[in-house]
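A.B. asks: Would you mind keeping the following structure in view while I ask a few things?
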Amino acid sequence: MADAQTLLAKYPGFVPVIVVPSKDIHISKLKFLFPNNESFAYCFANIRKYIKLDAKQAVFYLVDGKLINQSQNVGDFYSQYRLNKDPRNAFIFISVFKENCFGKN
């Protein structure tokens with residue numbers, strides 16, 4: 001796994017993200033680089049492309065056990081997120097969960 005500091009130096013203006021899926025989610029890609037100036041809605045839409053779900057299931061994205069506002073800017077969130085984290089580990093870890101919420105299976 002590439003060091004987050006190396007990625008930040010090589011790709012300025014991007015935020016390194018690692019997706020942590022729950023056991024019942026199958027996702028084909030776990031590492032992403034998202035532009036600083038995009039919203040989390042953009043990030044979630046891109047992550048969702050790699051998740052295989054039924055039509056009756058919804059996906060929830062959490063960082064440190066909290067839901068993220070989809071209109072929030074990735075770069076702004078990242079600046080605040082890193083204040084309380086180990087500087088050697090500069091990834092955002094997004095936990096992904098699914099829920100049956102549109103009727104019975």
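The chains in the structure tokens are called A, B, ... from first to last as shown; in each chain the residues are counted from 1, and the ligands are counted from 1 in the order shown.
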Considering only C-alpha atoms, return as a list in words whatever protein or nucleic-acid residues lie within 10 Å of A:Arg48, sequence-local ones (same chain, fewer than 6 positions apart) excluded.

C.D. replies: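 Contacts, in chain order: Ile27, Tyr42, Val59 and Val96 of chain A.
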
A.B. asks: Let's have the selection written as a short mmCIF file (atom, residue, chain, number, x, y, z; two decimals), in the first residue's frame, with C-alpha atoms.

C.D. replies:
```
data_model
loop_
_atom_site.label_atom_id
_atom_site.label_comp_id
_atom_site.auth_asym_id
_atom_site.auth_seq_id
_atom_site.Cartn_x
_atom_site.Cartn_y
_atom_site.Cartn_z
CA ILE A 27 -16.76 -4.16 -3.84
CA TYR A 42 -19.41 12.84 -6.17
CA VAL A 59 -25.89 2.08 0.95
CA VAL A 96 -19.74 1.22 3.77
#
```

A.B. asks: So that I can check the surroundings of stretch 62-65 of chain A, please list as a ChimeraX atom specification every protein, DNA and RNA residue that reaches within 12 Å of it, counting only C-alpha atoms and ignoring chain neighbours fewer than 5 positions away.

C.D. replies: /A:17-22,40,44,70,77-78,81,84-85,91-98

A.B. asks: Neighbouring residues of A:His26 were defined as those with any atom within 9 Å, considering only C-alpha atoms; residues of the same chain fewer than 5 positions away were excluded. Please report them as a list in words.

C.D. replies: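 So, after excluding close chain neighbours, the residues are Pro21, Tyr50, Ile51, Lys52 and Leu53 of chain A.
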
A.B. asks: Which residues come within 10 Å of A:Asp3, counting only C-alpha atoms, excluding same-chain residues fewer than 6 positions away, as a ChimeraX atom specification?

C.D. replies: /A:16,88-91

A.B. asks: Please produce an output containing C-alpha atoms for each residue in the selection, written as an mmCIF file, in the first residue's frame.

C.D. replies:
```
data_model
loop_
_atom_site.group_PDB
_atom_site.id
_atom_site.type_symbol
_atom_site.label_atom_id
_atom_site.label_comp_id
_atom_site.auth_asym_id
_atom_site.auth_seq_id
_atom_site.Cartn_x
_atom_site.Cartn_y
_atom_site.Cartn_z
ATOM 1 C CA PRO A 16 -6.598 9.589 -0.531
ATOM 2 C CA ARG A 88 1.671 9.219 9.204
ATOM 3 C CA ASN A 89 -1.744 7.800 8.272
ATOM 4 C CA ALA A 90 -3.405 10.474 6.158
ATOM 5 C CA PHE A 91 -6.101 8.339 4.501
#
```

A.B. asks: Closest to A:Arg82 among A:Ala4, A:Lys10, A:Ala45, A:Lys31, using only C-alpha atoms?

C.D. replies: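 Closest candidate: A:Ala4.
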
A.B. asks: Record the distance separating atom CA of A:Val15 and atom CA of A:Tyr61, expressed in Å with one decimal.

C.D. replies: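 Pair atom CA of A:Val15 / atom CA of A:Tyr61 returns 16.5 Å.
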
A.B. asks: Taking only chain A into account, list the residues labelled helix (DSSP H, G or I) by DSSP (computed from the backbone), as a ChimeraX atom specification.

C.D. replies: /A:4-10,40-48,74-83

A.B. asks: Those same residues, written as a PDB file, in the first residue's frame with C-alpha atoms?

C.D. replies:
```
ATOM      1  CA  ALA A   4      -0.524   8.577   2.065  1.00  0.00           C
ATOM      2  CA  GLN A   5       2.192  11.226   2.262  1.00  0.00           C
ATOM      3  CA  THR A   6       3.697   9.916  -0.982  1.00  0.00           C
ATOM      4  CA  LEU A   7       0.289  10.054  -2.680  1.00  0.00           C
ATOM      5  CA  LEU A   8      -0.327  13.597  -1.432  1.00  0.00           C
ATOM      6  CA  ALA A   9       3.065  14.703  -2.785  1.00  0.00           C
ATOM      7  CA  LYS A  10       2.546  12.955  -6.127  1.00  0.00           C
ATOM      8  CA  PHE A  40     -18.958  13.840  -1.042  1.00  0.00           C
ATOM      9  CA  ALA A  41     -21.943  13.174  -3.328  1.00  0.00           C
ATOM     10  CA  TYR A  42     -19.412  12.843  -6.172  1.00  0.00           C
ATOM     11  CA  CYS A  43     -17.297  10.458  -4.061  1.00  0.00           C
ATOM     12  CA  PHE A  44     -20.253   8.326  -3.031  1.00  0.00           C
ATOM     13  CA  ALA A  45     -21.472   8.061  -6.622  1.00  0.00           C
ATOM     14  CA  ASN A  46     -18.044   6.847  -7.724  1.00  0.00           C
ATOM     15  CA  ILE A  47     -17.753   4.343  -4.869  1.00  0.00           C
ATOM     16  CA  ARG A  48     -21.294   3.098  -5.568  1.00  0.00           C
ATOM     17  CA  VAL A  74     -13.963  16.772   0.372  1.00  0.00           C
ATOM     18  CA  GLY A  75     -10.980  19.104   0.801  1.00  0.00           C
ATOM     19  CA  ASP A  76     -12.587  21.026   3.683  1.00  0.00           C
ATOM     20  CA  PHE A  77     -13.560  17.797   5.435  1.00  0.00           C
ATOM     21  CA  TYR A  78     -10.076  16.375   4.927  1.00  0.00           C
ATOM     22  CA  SER A  79      -8.425  19.432   6.493  1.00  0.00           C
ATOM     23  CA  GLN A  80     -10.543  19.054   9.639  1.00  0.00           C
ATOM     24  CA  TYR A  81     -10.310  15.247   9.662  1.00  0.00           C
ATOM     25  CA  ARG A  82      -6.505  15.232   9.677  1.00  0.00           C
ATOM     26  CA  LEU A  83      -6.264  17.568  12.684  1.00  0.00           C
TER      27      LEU A  83
END
```

A.B. asks: How far is it from atom CA of A:Lys49 to atom CA of A:Glu99, in Å with one decimal?

C.D. replies: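 One can read the atom CA of A:Lys49 to atom CA of A:Glu99 distance as 17.0 Å.
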
A.B. asks: Among chain A, which residues does DSSP mark as strand (DSSP E) when it is run on the backbone? Keep the chain and numbering as in the structure and answer as an mmCIF file with N, CA and C atoms, in the first residue's frame.

C.D. replies:
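Contents of out04.cif, freshly written:
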```cif
data_model
loop_
_atom_site.group_PDB
_atom_site.id
_atom_site.type_symbol
_atom_site.label_atom_id
_atom_site.label_comp_id
_atom_site.auth_asym_id
_atom_site.auth_seq_id
_atom_site.Cartn_x
_atom_site.Cartn_y
_atom_site.Cartn_z
ATOM 1 N N PHE A 14 -5.624 16.259 -4.424
ATOM 2 C CA PHE A 14 -6.454 15.065 -4.294
ATOM 3 C C PHE A 14 -6.402 14.550 -2.860
ATOM 4 N N VAL A 15 -7.437 13.824 -2.469
ATOM 5 C CA VAL A 15 -7.554 13.263 -1.127
ATOM 6 C C VAL A 15 -7.531 11.738 -1.235
ATOM 7 N N PRO A 16 -6.633 11.054 -0.491
ATOM 8 C CA PRO A 16 -6.598 9.589 -0.531
ATOM 9 C C PRO A 16 -7.678 8.981 0.367
ATOM 10 N N VAL A 17 -8.442 8.063 -0.194
ATOM 11 C CA VAL A 17 -9.558 7.426 0.514
ATOM 12 C C VAL A 17 -9.425 5.916 0.414
ATOM 13 N N ILE A 18 -9.684 5.248 1.530
ATOM 14 C CA ILE A 18 -9.763 3.783 1.543
ATOM 15 C C ILE A 18 -11.166 3.412 2.000
ATOM 16 N N VAL A 19 -11.819 2.542 1.243
ATOM 17 C CA VAL A 19 -13.172 2.091 1.560
ATOM 18 C C VAL A 19 -13.075 0.812 2.382
ATOM 19 N N VAL A 20 -13.824 0.777 3.484
ATOM 20 C CA VAL A 20 -13.863 -0.391 4.358
ATOM 21 C C VAL A 20 -15.282 -0.954 4.304
ATOM 22 N N PRO A 21 -15.518 -1.963 3.463
ATOM 23 C CA PRO A 21 -16.883 -2.495 3.324
ATOM 24 C C PRO A 21 -17.249 -3.433 4.472
ATOM 25 N N LYS A 31 -9.480 1.501 -3.031
ATOM 26 C CA LYS A 31 -8.647 2.705 -2.891
ATOM 27 C C LYS A 31 -9.037 3.730 -3.951
ATOM 28 N N PHE A 32 -9.188 4.975 -3.508
ATOM 29 C CA PHE A 32 -9.596 6.041 -4.402
ATOM 30 C C PHE A 32 -8.790 7.301 -4.127
ATOM 31 N N LEU A 33 -8.680 8.157 -5.136
ATOM 32 C CA LEU A 33 -8.168 9.518 -4.992
ATOM 33 C C LEU A 33 -9.264 10.446 -5.507
ATOM 34 N N PHE A 34 -9.761 11.328 -4.638
ATOM 35 C CA PHE A 34 -10.827 12.244 -5.027
ATOM 36 C C PHE A 34 -10.320 13.676 -5.026
ATOM 37 N N PRO A 35 -10.780 14.497 -5.967
ATOM 38 C CA PRO A 35 -10.360 15.900 -6.023
ATOM 39 C C PRO A 35 -10.814 16.673 -4.783
ATOM 40 N N GLN A 57 -31.917 -2.491 -1.872
ATOM 41 C CA GLN A 57 -30.942 -2.166 -0.834
ATOM 42 C C GLN A 57 -30.409 -0.746 -1.000
ATOM 43 N N ALA A 58 -30.103 -0.145 0.141
ATOM 44 C CA ALA A 58 -29.503 1.195 0.163
ATOM 45 C C ALA A 58 -28.112 1.093 0.772
ATOM 46 N N VAL A 59 -27.268 2.058 0.454
ATOM 47 C CA VAL A 59 -25.893 2.079 0.950
ATOM 48 C C VAL A 59 -25.722 3.273 1.883
ATOM 49 N N PHE A 60 -25.010 3.052 2.990
ATOM 50 C CA PHE A 60 -24.708 4.115 3.937
ATOM 51 C C PHE A 60 -23.196 4.223 4.081
ATOM 52 N N TYR A 61 -22.703 5.464 4.112
ATOM 53 C CA TYR A 61 -21.273 5.740 4.199
ATOM 54 C C TYR A 61 -20.993 6.463 5.507
ATOM 55 N N LEU A 62 -20.013 5.944 6.271
ATOM 56 C CA LEU A 62 -19.669 6.559 7.551
ATOM 57 C C LEU A 62 -18.169 6.773 7.661
ATOM 58 N N VAL A 63 -17.798 7.839 8.348
ATOM 59 C CA VAL A 63 -16.400 8.088 8.710
ATOM 60 C C VAL A 63 -16.372 8.225 10.222
ATOM 61 N N LYS A 66 -19.795 8.157 11.895
ATOM 62 C CA LYS A 66 -20.739 9.254 11.684
ATOM 63 C C LYS A 66 -21.066 9.384 10.197
ATOM 64 N N LEU A 67 -22.339 9.688 9.919
ATOM 65 C CA LEU A 67 -22.740 9.943 8.539
ATOM 66 C C LEU A 67 -22.100 11.238 8.062
ATOM 67 N N ILE A 92 -8.474 8.868 4.443
ATOM 68 C CA ILE A 92 -9.827 8.878 5.012
ATOM 69 C C ILE A 92 -10.355 7.459 4.850
ATOM 70 N N PHE A 93 -10.811 6.868 5.941
ATOM 71 C CA PHE A 93 -11.385 5.525 5.898
ATOM 72 C C PHE A 93 -12.903 5.660 5.917
ATOM 73 N N ILE A 94 -13.547 5.291 4.806
ATOM 74 C CA ILE A 94 -14.999 5.364 4.692
ATOM 75 C C ILE A 94 -15.564 3.964 4.842
ATOM 76 N N SER A 95 -16.352 3.755 5.895
ATOM 77 C CA SER A 95 -17.025 2.476 6.110
ATOM 78 C C SER A 95 -18.306 2.460 5.294
ATOM 79 N N VAL A 96 -18.572 1.338 4.642
ATOM 80 C CA VAL A 96 -19.743 1.216 3.775
ATOM 81 C C VAL A 96 -20.614 0.076 4.296
ATOM 82 N N PHE A 97 -21.896 0.386 4.471
ATOM 83 C CA PHE A 97 -22.870 -0.590 4.955
ATOM 84 C C PHE A 97 -24.071 -0.586 4.030
ATOM 85 N N LYS A 98 -24.745 -1.729 3.950
ATOM 86 C CA LYS A 98 -25.982 -1.779 3.174
ATOM 87 C C LYS A 98 -27.125 -2.155 4.094
ATOM 88 N N GLU A 99 -28.304 -1.768 3.667
ATOM 89 C CA GLU A 99 -29.514 -2.025 4.455
ATOM 90 C C GLU A 99 -30.672 -2.286 3.502
ATOM 91 N N ASN A 100 -31.484 -3.285 3.849
ATOM 92 C CA ASN A 100 -32.697 -3.526 3.077
ATOM 93 C C ASN A 100 -33.732 -2.506 3.552
#
```

A.B. asks: Could you check which of A:Glu38, A:Ala55, A:Cys101, A:Asp86 is closest to A:Asn73, using only C-alpha atoms?

C.D. replies: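 Smallest distance to A:Asn73 is found for A:Glu38.
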